[in-house]
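First the structure, in the form of structure tokens, and then the observations on it.
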Amino acid sequence: MPDGTNFTDVMADRQGCYHRKSDLSAFEHTCKGELTSIHRLTNLENLFRIRLLDPEDRKRFTFQPGQFVILELPGIGEAPFSISSPSSGHGDLELCIRRVGTLTNFLFRLERGTHVGIRGPFGTGFPMEQMHGENILLIAGGLGLAPLRSPIAYVQENRNLFRNVDIIYGAKHPSQLLFTYQYDMWRADDVNLHIIVEKDDPSWKGPVGMITKVLQEIFAHRDADYFQKTYAIVCGPSVMFKFVCAMLNERNIPMQKMFVSLERRMHCGMAKCCRCNIGSTYICLKGPVFDYWSVMNLKEAI
Amino acid sequence: MLFRVLRKEAVADLFGLLAESNRMVAPVQSGLDCLGSPLYAFKEVTDYYEISLTYTTTKIPAKKFFMPFRETMATFIVAGKDWTKKIDLNIDRPFVVFGMHACDINALNKLDKVLLGNFYPMPYYAAKRKNMFIVGIDCVPQPYCFCRSMGADTALHGFDIFLTDLGDHYFVEILSDAAFNFLRQLSVSEPAESDHALYVKTVSAKNNKFSVRVDTTDLTKILDMEFQSEVWEKWGKQCLSCGTCANVCPTCYCYGVDESVGLDLSRATKTKLLYSCNLIDFAEIAGGHNFRPESHSRLKYRYYHKHRGFVEAYEEALCVGCGRCGEACLAGITVPEVIASVRDQES
Amino acid sequence: MDSSVGRLKTYLGVPISKPKVAFFELTSCEGCQLQILNNEATLLEFLSLIQIVNFREAMSERSDDYEIAFVEGSVTRSDEVDRLLKIRRNAKTLIALGSCACFGGVNQLKNRLDPYWVSKEVYGNSSVETNNKAKPLEAFVQIDLMIYGCPVRKEEVEKIVTNLVIGKEIHHLKYPVCMECKANENICLFDVGEPCLGPITRAGCDSWCPNSRAGCWGCRGPADAANVDEMKKIMAEKGFDENILIDRLECFGGFAPYIEELRKGLPDEA
């Protein structure tokens, strides 16, 4: 038999030399996670607490605020979700999920103790360390509080490293406010919390209007020096961050100090399926967190 | 690279030698079109006389052998609240592609950059690519070929053997030791000076046969400047959003994933399906929001990815100029015409 | 068939009950129902998912106690309207099975002809009670789900039923048949001089007809974003008369919304 074309097993000798970003066996590697608790936040959103089961997976699983995972339910589907929990927690993560499609509708029917698949973490995070020593504006609209909750937790845990901290959160209606049980805790950590709703109900005591209204009020009391030393993280629908970033821009916050998180369709999370591609930029790889300058250069993003 | 010459008749022996222990994939004539011209396709073959080494362009590249249109990525056994996932790369032995043109080899080289690069290499592709033995063959430029404009008219690497027709014998470029071992068993000889001269002459004669050209000068910038151009709407109006261009493209790799539950409710399958950026729901997300609802915006992003974005990332376009998409497009949308129309906006 | 009634399965821990299912046919060839039965390899597994209480083609029992009703065929007689309304009242989920139920199907071809002539041509002098027009179910009742095709494709029906049973959302493919045809590496029918509606027809059939070298007739109706204007141009360029296009578009009724516009451009028929 002529020699030369022997079968190459690309997965051979891959055990025990796992490098997540360069190893072939990492591609479809799914960490098995158990739903440890399912916390109802609103009519549409739940907070799912997931514990990775394999000790190796737990040890390896570290992430930055802003990164995402892909959650898979066998036979149902998979989709990307930002991690909503503190980045200090290895192997235990929380995902704030809205019931909106095939996967999430099924997910909402699962009970505690069910196993789900987790791949990741993927993408870029908010450069929290770069923000040390500065003021920070954490701005969220609607479900945008989900990706923002991880940087909020970072700021809480490292409160000494930041100057003024403001959380500005806008929702359509008081009943849609997420994580209401945490607001007092955030305030207690010397964070200014400003909440605004577009449409109020009789129980609502706070301001009513668009998120830009709160920003205007806050900014009226801040001087030029404040804006020179300020970072902003803006999470929410693109119409919202477009207006908000324009306002921040007017106040001379440099574009490189404003961060947004983009949402796109994704299947792989690893720049292979191309579904999140904008021109050449893979949102899953170069994002989902971008500074505003990069977003401006993405054409379709805003 | 080593050079040899091989008598024409000995190509059948080379085929036989490779076929002894490998799956063989080769271009065959698959039918005639309504004008009586032959149509070609890559098929698995066992007999050398089935194949057509003088083929023009296959309608569809050899894609399915290294990047199947549908591929099972994983299967699950589901039991109660638990499950196990099994991954299969869907290949168990090497295969030979016997008679691949330079454009298709260059397409593989481009795919390698994306799918075998440093970031998250893709095992489904890698397993097939690493078990692929390629015999390249030279070709005659067709009226739709613009590979030369894309710098893909010659293959510098990515094959094991490359054959160039010099009349009564082939000029053989040998790139791998596996190829060398095979050829050692045949009557190959060192090329003479005259063979070298003939090879150079043959290649330059080919260069004069191209009838379409694509001007890629400053194309990335022009595409950027013409992002809002009305010309995209014109093409978008024509586009059928049928995905044919992507399916016949040797460099298109994007995909969708379909998960399905078995009838017994204890099995599940995760299937990878090659997709196309022109399909209506390419950029649609859960809840129904579509980032590219209009066909012109999808078509535009196809060009932005291939001719701008990929160039920024890898210094080359994600297009080898094989012309298949233009030939297959019922609406007659061709790459040279689209790019020329965008360039026209600048003048 | 109902030995395991009530046995609870689960999927990922979610309890799955076996729905009671009924099959009905109005004016049709019953070919879609036959497709479902004609699947020996998976029939038993399929039957274990559901509890069939009414299926004239397969069993003699009859029951009006069902949750899911599959209705094949178009509505062409007044008694069918009554039957359909009753089925709608009984069923939680009403599924239009096949092109006749979804669009009127081949039966609706009679709609543009003189009803007297049609009746005479088919039945001669026998008197037959029939409506002037064959209509899809949707013309009379609300439909919860359509399963396209003439006939339906059994693999697709199995997938849809599985999803119904476990409660997974059902989404139809939005792209046209060309996607599947290319994946099957068929020779494009236009290359061999045949007309084909593949570029504008909803996929899901796995390019059934083109696989056998027969052009698509659009039985599954238009794909999302079907570019019928361009299709018209292409057919003309390839030398096909506009009537060939209209005949195909009209055959199953799925393209009805486009027909009127296309007919405007044609000389009057005799």
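Each chain in the structure tokens gets a letter, A, B, ..., in the order shown, and its residues are numbered from 1; ligands are numbered from 1 in order too.
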
inquiry  = For B:Pro68, find every residue with an atom within 10 Å (counting only C-alpha atoms), except residues of its own chain fewer than 2 positions away, and show them as a ChimeraX atom specification.
reply    = /B:62-66,70-72,90,124-125,272-274 /C:183

Keeping N, CA and C atoms for every residue in the selection just given, could you write it to a file as a PDB file, in the first residue's frame?
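Result saved to part-v8.pdb:
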ATOM      1  N   ALA B  62     -15.951  22.153  -4.636  1.00  0.00           N
ATOM      2  CA  ALA B  62     -15.853  20.862  -3.946  1.00  0.00           C
ATOM      3  C   ALA B  62     -16.209  20.987  -2.463  1.00  0.00           C
ATOM      4  N   LYS B  63     -16.839  22.099  -2.142  1.00  0.00           N
ATOM      5  CA  LYS B  63     -17.198  22.479  -0.777  1.00  0.00           C
ATOM      6  C   LYS B  63     -17.736  21.346   0.107  1.00  0.00           C
ATOM      7  N   LYS B  64     -18.653  20.574  -0.431  1.00  0.00           N
ATOM      8  CA  LYS B  64     -19.342  19.617   0.447  1.00  0.00           C
ATOM      9  C   LYS B  64     -18.379  18.595   1.048  1.00  0.00           C
ATOM     10  N   PHE B  65     -17.188  18.439   0.429  1.00  0.00           N
ATOM     11  CA  PHE B  65     -16.263  17.449   0.955  1.00  0.00           C
ATOM     12  C   PHE B  65     -15.443  17.981   2.134  1.00  0.00           C
ATOM     13  N   PHE B  66     -15.332  19.305   2.237  1.00  0.00           N
ATOM     14  CA  PHE B  66     -14.593  19.832   3.399  1.00  0.00           C
ATOM     15  C   PHE B  66     -15.451  20.772   4.246  1.00  0.00           C
ATOM     16  N   ARG B  70     -24.805  20.624   4.940  1.00  0.00           N
ATOM     17  CA  ARG B  70     -25.452  20.280   6.208  1.00  0.00           C
ATOM     18  C   ARG B  70     -24.546  19.313   6.939  1.00  0.00           C
ATOM     19  N   GLU B  71     -24.311  19.588   8.194  1.00  0.00           N
ATOM     20  CA  GLU B  71     -23.394  18.730   8.927  1.00  0.00           C
ATOM     21  C   GLU B  71     -23.852  18.630  10.375  1.00  0.00           C
ATOM     22  N   THR B  72     -23.882  17.418  10.877  1.00  0.00           N
ATOM     23  CA  THR B  72     -24.236  17.238  12.278  1.00  0.00           C
ATOM     24  C   THR B  72     -23.044  17.637  13.142  1.00  0.00           C
ATOM     25  N   ASN B  90     -17.126  14.031  11.660  1.00  0.00           N
ATOM     26  CA  ASN B  90     -17.660  13.509  10.393  1.00  0.00           C
ATOM     27  C   ASN B  90     -16.609  13.222   9.329  1.00  0.00           C
ATOM     28  N   TYR B 124     -14.315  21.026  12.752  1.00  0.00           N
ATOM     29  CA  TYR B 124     -15.071  20.346  11.691  1.00  0.00           C
ATOM     30  C   TYR B 124     -14.380  20.548  10.341  1.00  0.00           C
ATOM     31  N   TYR B 125     -13.881  21.745  10.148  1.00  0.00           N
ATOM     32  CA  TYR B 125     -13.148  22.051   8.908  1.00  0.00           C
ATOM     33  C   TYR B 125     -11.745  21.458   8.972  1.00  0.00           C
ATOM     34  N   LYS B 272     -25.322  21.989  11.595  1.00  0.00           N
ATOM     35  CA  LYS B 272     -24.768  23.206  10.997  1.00  0.00           C
ATOM     36  C   LYS B 272     -25.246  23.258   9.558  1.00  0.00           C
ATOM     37  N   LEU B 273     -25.802  24.388   9.162  1.00  0.00           N
ATOM     38  CA  LEU B 273     -26.291  24.557   7.798  1.00  0.00           C
ATOM     39  C   LEU B 273     -25.597  25.766   7.203  1.00  0.00           C
ATOM     40  N   LEU B 274     -24.926  25.569   6.081  1.00  0.00           N
ATOM     41  CA  LEU B 274     -24.308  26.727   5.444  1.00  0.00           C
ATOM     42  C   LEU B 274     -25.407  27.717   5.100  1.00  0.00           C
TER      43      LEU B 274
ATOM     44  N   ALA C 183     -27.805  23.030  -2.040  1.00  0.00           N
ATOM     45  CA  ALA C 183     -27.207  22.126  -1.058  1.00  0.00           C
ATOM     46  C   ALA C 183     -27.280  20.679  -1.551  1.00  0.00           C
TER      47      ALA C 183
END

task = With a distance cut-off of 8 Å and only C-alpha atoms, select the neighbouring residues of stretch 224-239 of chain C, excluding the residue or stretch itself and same-chain residues fewer than 5 positions from it, and output the selection as a PyMOL selection string.
result = (chain B and resi 237-241+280+330-331) or (chain C and resi 174-176+190+193+195+199-202+245+258)

remark   = Of B:Ser295, B:Gln228, B:Asn109, B:Thr202, the one nearest to chain A when counting only C-alpha atoms is B:Gln228

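Using only C-alpha atoms, the contacts of B:Val214 at a cut-off of 8 Å, with sequence neighbours closer than 6 positions omitted, comprise B:Phe146, B:Ser149, B:Met150, B:Pro336, B:Ile339, B:Ala340.
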
Keeping C-alpha atoms, export the residues of the selection given above as a PDB file, in the first residue's frame.
ATOM      1  CA  PHE B 146     -11.482  37.153 -13.096  1.00  0.00           C
ATOM      2  CA  SER B 149      -7.689  40.393 -10.871  1.00  0.00           C
ATOM      3  CA  MET B 150      -8.081  38.804  -7.457  1.00  0.00           C
ATOM      4  CA  PRO B 336     -17.183  42.586 -11.895  1.00  0.00           C
ATOM      5  CA  ILE B 339     -17.739  46.567  -8.377  1.00  0.00           C
ATOM      6  CA  ALA B 340     -17.530  48.535 -11.616  1.00  0.00           C
TER       7      ALA B 340
END

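The residue that comes closest to chain C, out of B:Val335, B:Leu53, B:Cys252, B:Ala328 and on the basis of only C-alpha atoms, is B:Ala328.
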
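All residues of protein, DNA or RNA that reach within 9 Å of B:Glu50, judged by only C-alpha atoms and not counting those fewer than 3 positions away in the chain, are Ala26, Pro27, Val28, Gln29, Val45, Thr46 and Asp47 of chain B.
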
request  = With a distance threshold of 12 Å and counting only C-alpha atoms, extract the residues of chain C near chain A and express them as number ranges by chain.
outcome  = C: 10-16, 159, 162-163, 166-171

Could you write those residues out with C-alpha atoms, as a JSON list (two decimals), in the first residue's frame?
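The result, stored in out36.json:
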[["chain", "number", "residue", "atom", "x", "y", "z"],
["C", 10, "THR", "CA", -40.52, 14.83, 30.06],
["C", 11, "TYR", "CA", -38.03, 16.79, 28.03],
["C", 12, "LEU", "CA", -35.24, 18.45, 30.00],
["C", 13, "GLY", "CA", -37.46, 17.94, 33.00],
["C", 14, "VAL", "CA", -40.44, 19.71, 31.43],
["C", 15, "PRO", "CA", -43.52, 17.45, 31.61],
["C", 16, "ILE", "CA", -44.81, 16.52, 28.18],
["C", 159, "LYS", "CA", -40.46, 17.85, 13.27],
["C", 162, "THR", "CA", -42.48, 17.01, 17.91],
["C", 163, "ASN", "CA", -42.14, 20.73, 18.53],
["C", 166, "ILE", "CA", -42.80, 19.60, 23.61],
["C", 167, "GLY", "CA", -43.96, 23.19, 23.24],
["C", 168, "LYS", "CA", -41.09, 24.51, 21.17],
["C", 169, "GLU", "CA", -41.87, 27.45, 18.89],
["C", 170, "ILE", "CA", -42.41, 26.52, 15.27],
["C", 171, "HIS", "CA", -40.77, 28.65, 12.61]]

message = Would you mind listing, as an NGL selection string, all residues of chain B that have at least one atom within 6 Å of chain A, where only C-alpha atoms are what counts?
response = :B and (81-82 or 93-94 or 118-121 or 123 or 127 or 131 or 178 or 254-255 or 259-261 or 268-269 or 283 or 285-287 or 304-305 or 309-310)

Could you write out the selected residues, including N, CA and C atoms, as a compact mmCIF listing (two decimals), in the first residue's frame?
# COMPACT_ATOMS: atom_id res chain seq x y z
N LYS B 81 -33.41 15.60 33.62
CA LYS B 81 -32.93 16.98 33.54
C LYS B 81 -31.48 17.04 33.07
N ASP B 82 -30.94 15.88 32.73
CA ASP B 82 -29.53 15.83 32.36
C ASP B 82 -29.40 15.40 30.89
N ARG B 93 -11.46 8.97 7.23
CA ARG B 93 -10.30 8.61 6.43
C ARG B 93 -10.00 9.75 5.45
N PRO B 94 -8.77 9.76 4.97
CA PRO B 94 -8.38 10.85 4.07
C PRO B 94 -9.10 10.76 2.73
N ASN B 118 -5.37 31.41 14.42
CA ASN B 118 -5.03 31.28 15.84
C ASN B 118 -6.24 31.37 16.76
N PHE B 119 -7.27 32.07 16.28
CA PHE B 119 -8.41 32.27 17.17
C PHE B 119 -9.51 31.28 16.89
N TYR B 120 -9.77 30.44 17.87
CA TYR B 120 -10.87 29.48 17.78
C TYR B 120 -10.87 28.69 16.46
N PRO B 121 -9.84 27.91 16.20
CA PRO B 121 -9.85 27.10 14.97
C PRO B 121 -11.05 26.14 14.99
N PRO B 123 -12.76 22.74 14.34
CA PRO B 123 -12.34 21.34 14.16
C PRO B 123 -13.07 20.63 13.02
N ALA B 127 -10.50 18.95 10.50
CA ALA B 127 -10.40 17.49 10.36
C ALA B 127 -10.44 17.10 8.88
N ASN B 131 -7.03 16.15 6.19
CA ASN B 131 -7.09 14.81 5.60
C ASN B 131 -7.40 14.87 4.11
N ALA B 178 4.31 13.53 1.03
CA ALA B 178 3.36 12.47 0.67
C ALA B 178 3.24 12.38 -0.84
N CYS B 254 -20.21 31.13 6.00
CA CYS B 254 -21.10 31.44 7.11
C CYS B 254 -22.16 30.36 7.28
N TYR B 255 -22.67 30.24 8.48
CA TYR B 255 -23.62 29.15 8.72
C TYR B 255 -24.66 29.51 9.76
N GLU B 259 -31.27 23.21 15.88
CA GLU B 259 -31.32 22.15 16.88
C GLU B 259 -32.68 21.48 16.80
N SER B 260 -32.69 20.16 16.86
CA SER B 260 -33.98 19.50 16.78
C SER B 260 -34.03 18.33 17.77
N VAL B 261 -35.25 18.08 18.23
CA VAL B 261 -35.48 17.02 19.21
C VAL B 261 -35.97 15.80 18.45
N ALA B 268 -31.31 14.41 20.64
CA ALA B 268 -31.40 15.73 20.01
C ALA B 268 -30.20 15.88 19.10
N THR B 269 -30.35 16.71 18.08
CA THR B 269 -29.29 16.88 17.10
C THR B 269 -29.03 18.36 16.88
N ALA B 283 -29.65 38.43 9.57
CA ALA B 283 -29.28 39.25 10.74
C ALA B 283 -30.50 39.50 11.63
N ILE B 285 -32.82 38.80 14.87
CA ILE B 285 -32.57 38.27 16.22
C ILE B 285 -33.89 37.88 16.89
N ALA B 286 -33.77 37.19 17.99
CA ALA B 286 -34.95 36.75 18.74
C ALA B 286 -35.83 37.96 19.02
N GLY B 287 -37.11 37.80 18.86
CA GLY B 287 -38.02 38.92 19.04
C GLY B 287 -38.38 39.55 17.71
N TYR B 304 -19.17 44.21 1.34
CA TYR B 304 -18.34 44.81 2.39
C TYR B 304 -17.51 43.77 3.11
N HIS B 305 -18.08 42.61 3.31
CA HIS B 305 -17.30 41.57 3.97
C HIS B 305 -16.20 41.07 3.05
N GLY B 309 -13.84 44.34 4.36
CA GLY B 309 -13.51 43.84 5.67
C GLY B 309 -12.42 42.79 5.65
N PHE B 310 -12.56 41.83 4.75
CA PHE B 310 -11.57 40.75 4.71
C PHE B 310 -10.20 41.28 4.30

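Among the candidates B:Leu39, B:Met225, B:Met122, B:Val11, the one nearest to chain C when counting only C-alpha atoms is B:Leu39.
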
request  = For C:Phe70, list every protein, DNA or RNA residue within 7 Å, evaluated using only C-alpha atoms, and leave out those in the same chain fewer than 4 positions away; present the list as a PyMOL selection string.
outcome  = chain C and resi 22-24+94-97

query = Taking only C-alpha atoms into account, what are the residues of chain B at most 6 Å from chain C, put as a PyMOL selection string?
reply = chain B and resi 33-34+69+80-81+238+240+242-243+263

Include N, CA and C atoms and write out the residues we just selected as a PDB file, in the first residue's frame.
ATOM      1  N   ASP B  33     -25.966  21.524 -20.683  1.00  0.00           N
ATOM      2  CA  ASP B  33     -26.974  22.577 -20.556  1.00  0.00           C
ATOM      3  C   ASP B  33     -27.812  22.635 -21.835  1.00  0.00           C
ATOM      4  N   CYS B  34     -28.754  23.551 -21.896  1.00  0.00           N
ATOM      5  CA  CYS B  34     -29.689  23.540 -23.027  1.00  0.00           C
ATOM      6  C   CYS B  34     -29.019  23.928 -24.338  1.00  0.00           C
ATOM      7  N   PHE B  69     -22.773  21.211   3.179  1.00  0.00           N
ATOM      8  CA  PHE B  69     -23.900  22.137   3.292  1.00  0.00           C
ATOM      9  C   PHE B  69     -24.686  21.891   4.571  1.00  0.00           C
ATOM     10  N   GLY B  80     -34.052  12.837  31.592  1.00  0.00           N
ATOM     11  CA  GLY B  80     -34.514  13.654  32.708  1.00  0.00           C
ATOM     12  C   GLY B  80     -34.016  15.071  32.543  1.00  0.00           C
ATOM     13  N   LYS B  81     -33.413  15.601  33.616  1.00  0.00           N
ATOM     14  CA  LYS B  81     -32.929  16.981  33.544  1.00  0.00           C
ATOM     15  C   LYS B  81     -31.481  17.044  33.072  1.00  0.00           C
ATOM     16  N   GLN B 238     -32.742  43.871  -7.869  1.00  0.00           N
ATOM     17  CA  GLN B 238     -32.602  42.688  -8.708  1.00  0.00           C
ATOM     18  C   GLN B 238     -32.465  41.406  -7.892  1.00  0.00           C
ATOM     19  N   LEU B 240     -32.556  38.219  -5.743  1.00  0.00           N
ATOM     20  CA  LEU B 240     -33.655  37.322  -5.377  1.00  0.00           C
ATOM     21  C   LEU B 240     -33.573  36.901  -3.904  1.00  0.00           C
ATOM     22  N   CYS B 242     -31.837  34.638  -2.688  1.00  0.00           N
ATOM     23  CA  CYS B 242     -32.011  33.183  -2.721  1.00  0.00           C
ATOM     24  C   CYS B 242     -30.822  32.434  -2.154  1.00  0.00           C
ATOM     25  N   GLY B 243     -29.694  33.124  -1.978  1.00  0.00           N
ATOM     26  CA  GLY B 243     -28.548  32.464  -1.354  1.00  0.00           C
ATOM     27  C   GLY B 243     -27.684  31.651  -2.304  1.00  0.00           C
ATOM     28  N   LEU B 263     -37.858  12.148  17.696  1.00  0.00           N
ATOM     29  CA  LEU B 263     -39.243  11.732  17.945  1.00  0.00           C
ATOM     30  C   LEU B 263     -39.409  11.010  19.284  1.00  0.00           C
TER      31      LEU B 263
END

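Shortest atom-to-atom contact with A:Pro65 among A:Gly236, A:Gly144, A:Gly125, A:Gly170: A:Gly125, counting only C-alpha atoms.
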
task = Counting only C-alpha atoms, figure out which residue out of C:Leu266, C:Leu164, C:Arg248, C:Ser126 gets nearest to C:Ser17.
result = C:Leu164

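Note that atom CA of A:Leu35 and atom CA of A:Leu47 are 10.3 Å apart.
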
query = Got a sec to tell me which of stretch 117-249 of chain C DSSP assigns to strand (DSSP E or B), as a count of residues only?
reply = 8

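Per DSSP on the backbone, alpha helix (DSSP H) in stretch 245-300 of chain A comprises Cys245, Ala246, Met247, Leu248, Asn249, Glu250, Ile283, Cys284, Leu285, Lys286, Tyr292, Trp293, Ser294, Val295 and Met296 of chain A.
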
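Close contacts of A:Glu45, defined as residues with an atom at most 7 Å away when counting only C-alpha atoms, with chain neighbours fewer than 3 positions off set aside, comprise Arg40, Leu41, Thr42, Cys96, Ile97, Arg98 and Arg99 of chain A.
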
Using the selection just defined, write its residues with N, CA and C atoms as a PDB file, in the first residue's frame.
ATOM      1  N   ARG A  40     -37.646  35.302  39.564  1.00  0.00           N
ATOM      2  CA  ARG A  40     -38.522  36.071  38.694  1.00  0.00           C
ATOM      3  C   ARG A  40     -38.309  37.555  38.944  1.00  0.00           C
ATOM      4  N   LEU A  41     -37.957  38.303  37.909  1.00  0.00           N
ATOM      5  CA  LEU A  41     -37.708  39.742  38.054  1.00  0.00           C
ATOM      6  C   LEU A  41     -38.930  40.557  37.634  1.00  0.00           C
ATOM      7  N   THR A  42     -39.485  40.241  36.460  1.00  0.00           N
ATOM      8  CA  THR A  42     -40.690  40.924  35.973  1.00  0.00           C
ATOM      9  C   THR A  42     -41.524  39.867  35.248  1.00  0.00           C
ATOM     10  N   CYS A  96     -29.521  37.391  33.187  1.00  0.00           N
ATOM     11  CA  CYS A  96     -30.829  38.039  33.221  1.00  0.00           C
ATOM     12  C   CYS A  96     -31.410  37.932  31.818  1.00  0.00           C
ATOM     13  N   ILE A  97     -32.497  37.174  31.708  1.00  0.00           N
ATOM     14  CA  ILE A  97     -32.970  36.795  30.378  1.00  0.00           C
ATOM     15  C   ILE A  97     -34.425  37.187  30.173  1.00  0.00           C
ATOM     16  N   ARG A  98     -34.680  37.770  29.010  1.00  0.00           N
ATOM     17  CA  ARG A  98     -36.058  38.117  28.632  1.00  0.00           C
ATOM     18  C   ARG A  98     -36.642  36.982  27.790  1.00  0.00           C
ATOM     19  N   ARG A  99     -37.902  36.680  28.067  1.00  0.00           N
ATOM     20  CA  ARG A  99     -38.585  35.613  27.321  1.00  0.00           C
ATOM     21  C   ARG A  99     -39.030  36.194  25.989  1.00  0.00           C
TER      22      ARG A  99
END
